[in-house]
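A.B. asks: Have a look at this one.
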Amino acid sequence: MSRGHIVIDDVVKVYDPEGAAVLAVDHCSLEIEPGEICMIVGPSGCGKTTLLNAIAGFHDITSGRIVMDGEVLCSTDRPRAAPGPDRIVVFQNGALFPWKTNLENVIFGPVMQGKLGRKLAIDKGRDMMADAGLSGVERNYPGEVSSGMRRRVEIVRALMNDPKALLLDEPYRALDSLTKSVMHEALLEIYYKNKVTIFFITHDLEEAIFLGHRVAIMTTRPCRPKKVLNVDIPHPRDYGVLTSKRFRELIEETSDAVHEEAWKAFQAGEKEG
Amino acid sequence: MRARLGKMASNRTFWRGLASIAIFLVLWEIGSRSEQWMAADIFAPLRDLVRAMGFRKDYLPWVGAVPAPSAVLASWLEVVDDPSYWQSWYMSLFRVMAGFIAAMLIGIPFGLALAMSRTAYGIGFPAFEVLRPIPPLAWVPASIIFWPTQELAIAFITFLGAFYTIVINVLGGARSIDARYFQAAQSMGASRWDIFRRIVLPGTLPSIVVGAAVGMGITWEVVVAAEMISGGGSQIGGTSGGGLGFFIWNSYIGGSYEQIVVGMISIGIAGYASSELLRWGGRYVTPWLKVR
Amino acid sequence: MAAALPVGAADGAAAVLRDTTPFGDASEALLARIAAIARPAHYAAGARIYGADDPADDIFVVVSGRADHVFKPEVGAREPLKRVVRGGVFGWAGLLLGQTRRLATVTAAEPTEVLRLDTEALVGLLESEPQEGGHVMERFATMIQREFTLPTLLAQVRRLSGPLTEEMSSLGLTMYRLSLWLKSPRPYLMLIGFSLLLGFWYLAVEAWKLPRFREMPGLTTVVKEWLSPEPTYGLSIYTAEYYQHIWMSIWRVTQAFFLATLLGVSFGLLLGWSRAFKAYVFPVFETLRPIPILAWVPLAIVMFVATESAVIYLAFLASFFATALNTMLGVESIDESYIRAADCLGANQWQVFRYVIIPGALPFIFTGLQISIGVSWFSLVAAEMVSGQYGLGYVINTSYMMVRYPTIIIGMATLGIVGYTTSALVRIAGDYLMEWRVRELALTER
């Protein structure tokens with residue numbers, strides 16, 4: 001049973017075709033296995049967020065196809081996918097609704113879709129939050145808790161909908177490295193319980209290799225996979241992996257590629273994507 | 001410039017906007033002439049409906065009493081030849097500028113002082129806040145009693161109108177300057193005066209511009225009202241010397257309703273133009289904000 | 001190690017608790033219950049009481065001796081070392097939001113006696129006392145922040161669940177804030193400001209009789225008139241007419257404001273939400289908006305045969321523009337991520353509008369409403385001065401014409417008070433509807 005099997009097939013994205021004609025994604029093909037943690041690494045502004053937005057349905061594609069579990073999300077004929085709870089995005093700066101409490105945020109999806117009655121949703125929400133170590137902050141508003149906690153709440157909010165895939169757009173970018181490392185372990189813990197496909201965009205190579213089954217290093221704009229690395233460190237992983245020999249080897253193998261693209265992006269004067 | 005015009009022409013939004021204004025004018029024309037066309041027999045049921053709703057006249061409620069755009073245009077073409085109309089412009093503009101400049105000269109330092117010193121804020125702000133809810137126009141009689149000439153009285157009212165807005169905006173702007181700018185300056189050895197000159201002043205400039213633009217709009221509101229209420233100052237016969245507010249009021253008294261609308265539109269243009277001018281000047285003075 | 005207290009020793013424990021900040025003003029009954037779950041323990045000099053990252057199970061109350069409490073560096077306390085003696089409480093990490101492990105290492109500097117309270121048991125106890133429980137937690141929070149110099153975001157205590165703790169918290173919070181305010185220099189500076197203002201008025205008109213000020217009504221004259229049961233000019237707090245005028249003005253503003261809010265918010269929401277609607281309607285809106293409201297006075301009189309409607313129309317118009325504009329800006333300023341997140345979570349267009357757009361735009365809407373009520377008063381007064389019967393604007397105008405100068409000032413002052421009150425009411429309504437924003441702003445207070 002393939003659940004969360006995403007195929008990005010020869011996708012091209014050109015912004016403002018009659019004007020500046022910026023090629024953001026250039027014939028990019030990538031296949032993400034069901035239940036896999038696929039990390040996308042690249043310099044800022046290289047077009048990786050465009051890919052994520054295309055999968056999520058926030059942007060059109062110019063040509064190519066994106067297919068999930070055999071269903072065509074978008075193609076040249078129908079360039080925009082419809083956003084839906086089968087692939088839920090966790091946003092860079094967080095998108096928990098500030099006017100709802102954490103618990104109300106968490107139950108938003110199932111209640112809106114009519115899948116669960118309010119009372120059942122609250123019970124399930126409480127359980128899932130407790131699972132993620134978040135009991136105690138249910139009645140708080142997102143603005144009252146730390147950003148690390150907000151991220152975790154947002155992930156729980158996504159998981160409440162039993163999605164096939166989670167699309168994470170540099171979710172830990174704004175956190176300090178201490179909180180980040182805690183978040184990584186928290187994410188893995190959640191993953192081990194839920195086994196969703198994770199499509200995770202980052203510019204942090206160490207984060208990518210620590211978390212991912214596979215790491216795709218993208219070229220700077222226009223974006224396409226430059227090198228795809230299989231991370232053969234077995235799951236479940238923990239903090240100790242970071243100092244293991246294999247980890248260091250993998251970093252050595254790939255850091256040149258990443259650095260090369262970063263340097264190119266720097267010279268091209270990329271603005272923050 | 002040509003490219004911009006070209007872009008404007010191909011812009012769908014632009015044409016929609018134009019279309020909507022045109023439709024608005026057409027509807028206005030029809031509505032205001034309703035007394036004429038509703039007299040026709042086929043509209044008898046409509047007349048009955050209007051009466052049943054409690055209106056005593058046989059035209060569309062409210063709109064029916066308004067002069068038609070065509071009539072307004074005709075009136076305007078006449079009035080443009082009348083020098084007293086332009087003198088009204090000049091008088092209102094003069095009062096607006098007087099009050100506005102005074103408000104800037106007093107308001108900006110006052111606002112900055114309140115922002116810079118906690119003590120000054122503690123003393124000054126509550127008193128300011130207590131006076132603020134009193135609408136400037138409520139000061140008209142007091143102002144007339146106090147000031148020797150009517151001009152000064154009106155200028156004082158316009159001053160008040162803009163003053164409150166400018167101070168609030170300056171305060172808001174100064175307080176919202178990111179604390180890190182202060183810290184950075186202090187770590188580089190800046191004195192209090194330096195900080196004021198190089199951080200507070202430029203940092204508050206955008207808010208000053210906003211406050212000025214809004215204050216300018218308020219000033220026009222106040223001038224018009226003050227002119228209407230206080231009888232327009234120097235009354236050298238007819239519509240001259242009174243300012244645009246007086247022009248409107250006088251048109252009403254004199255029964256030329258089309259001129260009322262001419263006056264209204266004139267003031268609208270004047271107010272809008274002055275605010276835009278200010279904003280334009282503001283962009284010139286805060287070039288760093290252009291980068292978007 | 002730590003056994004339950006023998007009978008009778010509980011009184012001693014209660015006395016010790018009474019000396020601490022968190023339990024200092026708890027009731028006898030509550031103290032007794034807490035003392036009942038307290039377990040004494042003894043540590044030799046130099047003994048380690050616990051280490052950072054150990055599980056945070058007990059709270060420690062010092063009975064005698066001294067404990068050296070050192071925060072681990074990651075915590076970011078201003079003063080990492082805190083010496084805790086009798087009256088001090090440590091080991092409260094378990095009370096903080098999201099904390100289950102110790103934040104500090106604590107060693108006994110000399111032979112030390114403590115009382116240990118199981119954190120969960122204490123929390124349960126506090127939850128069962130809705131009024132007091134919240135109060136004790138507040139005092140814990142204050143102690144943690146003040147005495148232990150913890151950074152604010154870390155120092156948030158858990159919410160007690162239970163019906164009344166919520167109400168207690170907001171009342172307690174207000175009282176606490178009030179007491180802080182009274183202790184700061186602010187109320188006294190305020191007094192200085194007012195006395196300067198009033199003093200100047202009094203001196204300029206009545207004492208020194210400065211040239212221009214001579215004609216003005218003086219402070220004492222106005223005050224005497226305002227508070228007099230037999231006012232010379234017919235208007236004071238004792239006359240019914242005074243309240244009639246106030247009521248007329250308030251009633252007009254209320255009508256105008258509600259109408260403007262209803263129409264303005266709907267209009268603004270549409271303008272912000274639908275690009276097509278905005279393209280068609282906004283140009284006309286923006287063309288009419290710059291016309292000063294008061295320039296409409298004669299036209300309004302012509303349009304609305306009844307002057308009452310004309311006056312309300314004028315107040316309405318000003319409010320409408322302000323409200324619609326701010327609402328539109330509010331909708332447009334909503335971060336796109338929120339809408340996208342809602343889409344992902346399966347909300348349809350209507351649900352997005354109702355559960356994301358409207359709450360998201362509320363802060364702007366309320367700013368607009370506060371502006372709108374001010375503008376409403378502004379227009380109303382002008383309209384009343386020109387064409388009203390009754391109302392505060394009318395009072396001011398006629399008092400001038402009838403040479404009743406003190407009444408002018410009474411009218412102005414009344415306007416100020418009433419205007420301020422209505423603004424405050426709008427603001428309070430906003431704070432009530434947007435509790436989340438009040439809390440967020442409180443955390444980022446400069």
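Chain identifiers are assigned as A, B, and so on, following the order in which chains appear in the structure tokens; residues are numbered from 1 within each chain, and ligands are numbered from 1 in order of appearance.
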Write out as a VMD selection string each polymer residue whose atoms come within 8 Å of Ser423 of chain C, counting only C-alpha atoms; drop sequence neighbours fewer than 4 positions from it.
C.D. replies: chain C and resid 370 373 to 374 419 427
A.B. asks: For segment 56-71 of chain A, work out the shell of residues within 9 Å, counting only C-alpha atoms and skipping chain neighbours fewer than 2 positions away, then give it as number ranges by chain.
C.D. replies: A: 2-15, 27-28, 34, 50-54, 73-84, 87-89, 167; C: 340, 344
A.B. asks: Give me the chain B side of the contact with chain C, cut-off 8 Å, one line per residue showing its nearest atom pair and distance in Å at one decimal, counting only C-alpha atoms, sorted by chain and residue number, as JSON lines.
C.D. replies:
```
{"residue": "B:Thr13", "atom": "CA", "partner": "C:Ala279", "partner_atom": "CA", "distance": 5.4}
{"residue": "B:Phe14", "atom": "CA", "partner": "C:Ala279", "partner_atom": "CA", "distance": 7.7}
{"residue": "B:Arg16", "atom": "CA", "partner": "C:Tyr280", "partner_atom": "CA", "distance": 5.5}
{"residue": "B:Gly17", "atom": "CA", "partner": "C:Tyr280", "partner_atom": "CA", "distance": 5.3}
{"residue": "B:Leu18", "atom": "CA", "partner": "C:Pro283", "partner_atom": "CA", "distance": 7.8}
{"residue": "B:Ala19", "atom": "CA", "partner": "C:Tyr280", "partner_atom": "CA", "distance": 7.5}
{"residue": "B:Ser20", "atom": "CA", "partner": "C:Tyr280", "partner_atom": "CA", "distance": 5.3}
{"residue": "B:Ile21", "atom": "CA", "partner": "C:Val284", "partner_atom": "CA", "distance": 5.7}
{"residue": "B:Phe24", "atom": "CA", "partner": "C:Val284", "partner_atom": "CA", "distance": 7.4}
{"residue": "B:Pro61", "atom": "CA", "partner": "C:Met303", "partner_atom": "CA", "distance": 7.9}
{"residue": "B:Trp62", "atom": "CA", "partner": "C:Met303", "partner_atom": "CA", "distance": 4.7}
{"residue": "B:Val63", "atom": "CA", "partner": "C:Met303", "partner_atom": "CA", "distance": 7.0}
{"residue": "B:Gly64", "atom": "CA", "partner": "C:Met303", "partner_atom": "CA", "distance": 7.8}
{"residue": "B:Ala65", "atom": "CA", "partner": "C:Met303", "partner_atom": "CA", "distance": 5.3}
{"residue": "B:Val66", "atom": "CA", "partner": "C:Met303", "partner_atom": "CA", "distance": 6.5}
{"residue": "B:Thr119", "atom": "CA", "partner": "C:Leu189", "partner_atom": "CA", "distance": 7.1}
{"residue": "B:Gly122", "atom": "CA", "partner": "C:Leu189", "partner_atom": "CA", "distance": 5.0}
{"residue": "B:Ile123", "atom": "CA", "partner": "C:Gly193", "partner_atom": "CA", "distance": 4.3}
{"residue": "B:Gly124", "atom": "CA", "partner": "C:Gly193", "partner_atom": "CA", "distance": 5.6}
{"residue": "B:Phe125", "atom": "CA", "partner": "C:Met190", "partner_atom": "CA", "distance": 7.9}
{"residue": "B:Pro126", "atom": "CA", "partner": "C:Met190", "partner_atom": "CA", "distance": 5.9}
{"residue": "B:Ala127", "atom": "CA", "partner": "C:Phe194", "partner_atom": "CA", "distance": 5.6}
{"residue": "B:Val130", "atom": "CA", "partner": "C:Gly416", "partner_atom": "CA", "distance": 7.1}
{"residue": "B:Leu131", "atom": "CA", "partner": "C:Gly416", "partner_atom": "CA", "distance": 6.8}
{"residue": "B:Arg132", "atom": "CA", "partner": "C:Gly416", "partner_atom": "CA", "distance": 7.4}
{"residue": "B:Pro133", "atom": "CA", "partner": "C:Gly416", "partner_atom": "CA", "distance": 4.7}
{"residue": "B:Ile134", "atom": "CA", "partner": "C:Gly416", "partner_atom": "CA", "distance": 4.4}
{"residue": "B:Pro135", "atom": "CA", "partner": "C:Phe378", "partner_atom": "CA", "distance": 5.2}
{"residue": "B:Pro136", "atom": "CA", "partner": "C:Phe378", "partner_atom": "CA", "distance": 7.6}
{"residue": "B:Leu137", "atom": "CA", "partner": "C:Ala382", "partner_atom": "CA", "distance": 6.2}
{"residue": "B:Ala138", "atom": "CA", "partner": "C:Met412", "partner_atom": "CA", "distance": 6.1}
{"residue": "B:Trp139", "atom": "CA", "partner": "C:Met412", "partner_atom": "CA", "distance": 7.4}
{"residue": "B:Pro141", "atom": "CA", "partner": "C:Tyr400", "partner_atom": "CA", "distance": 5.9}
{"residue": "B:Ala142", "atom": "CA", "partner": "C:Ile408", "partner_atom": "CA", "distance": 7.4}
{"residue": "B:Ile145", "atom": "CA", "partner": "C:Glu215", "partner_atom": "CA", "distance": 6.9}
{"residue": "B:Phe146", "atom": "CA", "partner": "C:Arg212", "partner_atom": "CA", "distance": 5.8}
{"residue": "B:Trp147", "atom": "CA", "partner": "C:Arg212", "partner_atom": "CA", "distance": 7.0}
{"residue": "B:Pro148", "atom": "CA", "partner": "C:Arg212", "partner_atom": "CA", "distance": 7.8}
{"residue": "B:Gly217", "atom": "CA", "partner": "C:Pro290", "partner_atom": "CA", "distance": 7.6}
{"residue": "B:Trp220", "atom": "CA", "partner": "C:Pro292", "partner_atom": "CA", "distance": 6.8}
{"residue": "B:Glu221", "atom": "CA", "partner": "C:Pro292", "partner_atom": "CA", "distance": 4.8}
{"residue": "B:Val224", "atom": "CA", "partner": "C:Ala295", "partner_atom": "CA", "distance": 6.5}
{"residue": "B:Ala225", "atom": "CA", "partner": "C:Leu294", "partner_atom": "CA", "distance": 5.7}
{"residue": "B:Ile229", "atom": "CA", "partner": "C:Val386", "partner_atom": "CA", "distance": 6.5}
{"residue": "B:Gly245", "atom": "CA", "partner": "C:Ala295", "partner_atom": "CA", "distance": 6.9}
{"residue": "B:Ile248", "atom": "CA", "partner": "C:Ala295", "partner_atom": "CA", "distance": 7.2}
{"residue": "B:Trp249", "atom": "CA", "partner": "C:Pro298", "partner_atom": "CA", "distance": 6.6}
{"residue": "B:Tyr252", "atom": "CA", "partner": "C:Pro298", "partner_atom": "CA", "distance": 6.0}
{"residue": "B:Tyr257", "atom": "CA", "partner": "C:Leu299", "partner_atom": "CA", "distance": 7.7}
{"residue": "B:Ile260", "atom": "CA", "partner": "C:Leu299", "partner_atom": "CA", "distance": 7.0}
{"residue": "B:Val261", "atom": "CA", "partner": "C:Leu299", "partner_atom": "CA", "distance": 7.7}
{"residue": "B:Gly263", "atom": "CA", "partner": "C:Ala295", "partner_atom": "CA", "distance": 7.9}
{"residue": "B:Met264", "atom": "CA", "partner": "C:Ala295", "partner_atom": "CA", "distance": 5.6}
{"residue": "B:Ile265", "atom": "CA", "partner": "C:Ile291", "partner_atom": "CA", "distance": 6.7}
{"residue": "B:Ile267", "atom": "CA", "partner": "C:Ile291", "partner_atom": "CA", "distance": 6.3}
{"residue": "B:Gly268", "atom": "CA", "partner": "C:Ile291", "partner_atom": "CA", "distance": 4.1}
{"residue": "B:Ile269", "atom": "CA", "partner": "C:Pro290", "partner_atom": "CA", "distance": 7.4}
{"residue": "B:Gly271", "atom": "CA", "partner": "C:Pro290", "partner_atom": "CA", "distance": 6.4}
{"residue": "B:Tyr272", "atom": "CA", "partner": "C:Pro290", "partner_atom": "CA", "distance": 5.9}
```
A.B. asks: Identify every residue of chain C that has at least one atom within 8 Å of any atom of chain A, counting only C-alpha atoms, and report the result as a ChimeraX atom specification.
C.D. replies: /C:97-98,153,158-159,337-338,340-347,351,356,359-360,434,436-437,439-440,443
A.B. asks: Using Å and a single decimal, report how far atom CA of Lys224 of chain C sits from atom CA of Val403 of chain C.
C.D. replies: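 Separation between atom CA of Val403 of chain C and atom CA of Lys224 of chain C: 17.3 Å.
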A.B. asks: Just the residues within 10 Å of Met128 of chain A, please, counting only C-alpha atoms, with nothing from its chain fewer than 2 positions along; format it as a list in words.
C.D. replies: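 Near neighbours after the sequence-gap exclusion: Val106, Ile122, Asp123, Lys124, Gly125, Arg126, Ala130, Asp131, Ala132, Gly133, Leu134, Ser135, Val153, Val156, Arg157, Leu159, Met160 and Ile190 of chain A.
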A.B. asks: Given the selection you just returned, output its residues as a file containing C-alpha atoms, formatted as an mmCIF file, in the first residue's frame.
C.D. replies:
```cif
data_model
loop_
_atom_site.group_PDB
_atom_site.id
_atom_site.type_symbol
_atom_site.label_atom_id
_atom_site.label_comp_id
_atom_site.auth_asym_id
_atom_site.auth_seq_id
_atom_site.Cartn_x
_atom_site.Cartn_y
_atom_site.Cartn_z
ATOM 1 C CA VAL A 106 -5.103 21.528 16.799
ATOM 2 C CA ILE A 122 -11.071 17.816 21.658
ATOM 3 C CA ASP A 123 -10.405 14.418 23.192
ATOM 4 C CA LYS A 124 -8.263 13.300 20.295
ATOM 5 C CA GLY A 125 -6.473 16.647 20.273
ATOM 6 C CA ARG A 126 -5.684 16.400 23.967
ATOM 7 C CA ALA A 130 0.011 14.792 25.380
ATOM 8 C CA ASP A 131 1.827 12.331 23.133
ATOM 9 C CA ALA A 132 3.971 15.161 21.870
ATOM 10 C CA GLY A 133 4.727 16.364 25.373
ATOM 11 C CA LEU A 134 2.498 19.390 25.086
ATOM 12 C CA SER A 135 -0.113 18.831 27.780
ATOM 13 C CA VAL A 153 1.732 22.305 18.138
ATOM 14 C CA VAL A 156 0.295 18.021 15.887
ATOM 15 C CA ARG A 157 -2.343 20.161 14.168
ATOM 16 C CA LEU A 159 -1.105 15.116 12.109
ATOM 17 C CA MET A 160 -4.623 15.305 13.501
ATOM 18 C CA ILE A 190 6.506 11.941 16.266
#
```
A.B. asks: Which value, in Å to one decimal, gives the distance between atom CA of Leu73 of chain B and atom CA of Ser256 of chain B?
C.D. replies: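 These atoms are spaced 13.1 Å apart.
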A.B. asks: Which residues are near segment 212-214 of chain B? Cut-off 9 Å, only C-alpha atoms, ignore same chain within fewer than 3 positions. Put them as a PyMOL selection string.
C.D. replies: chain B and resi 100+104+162+165-166+169+207-209+217-219+274-279
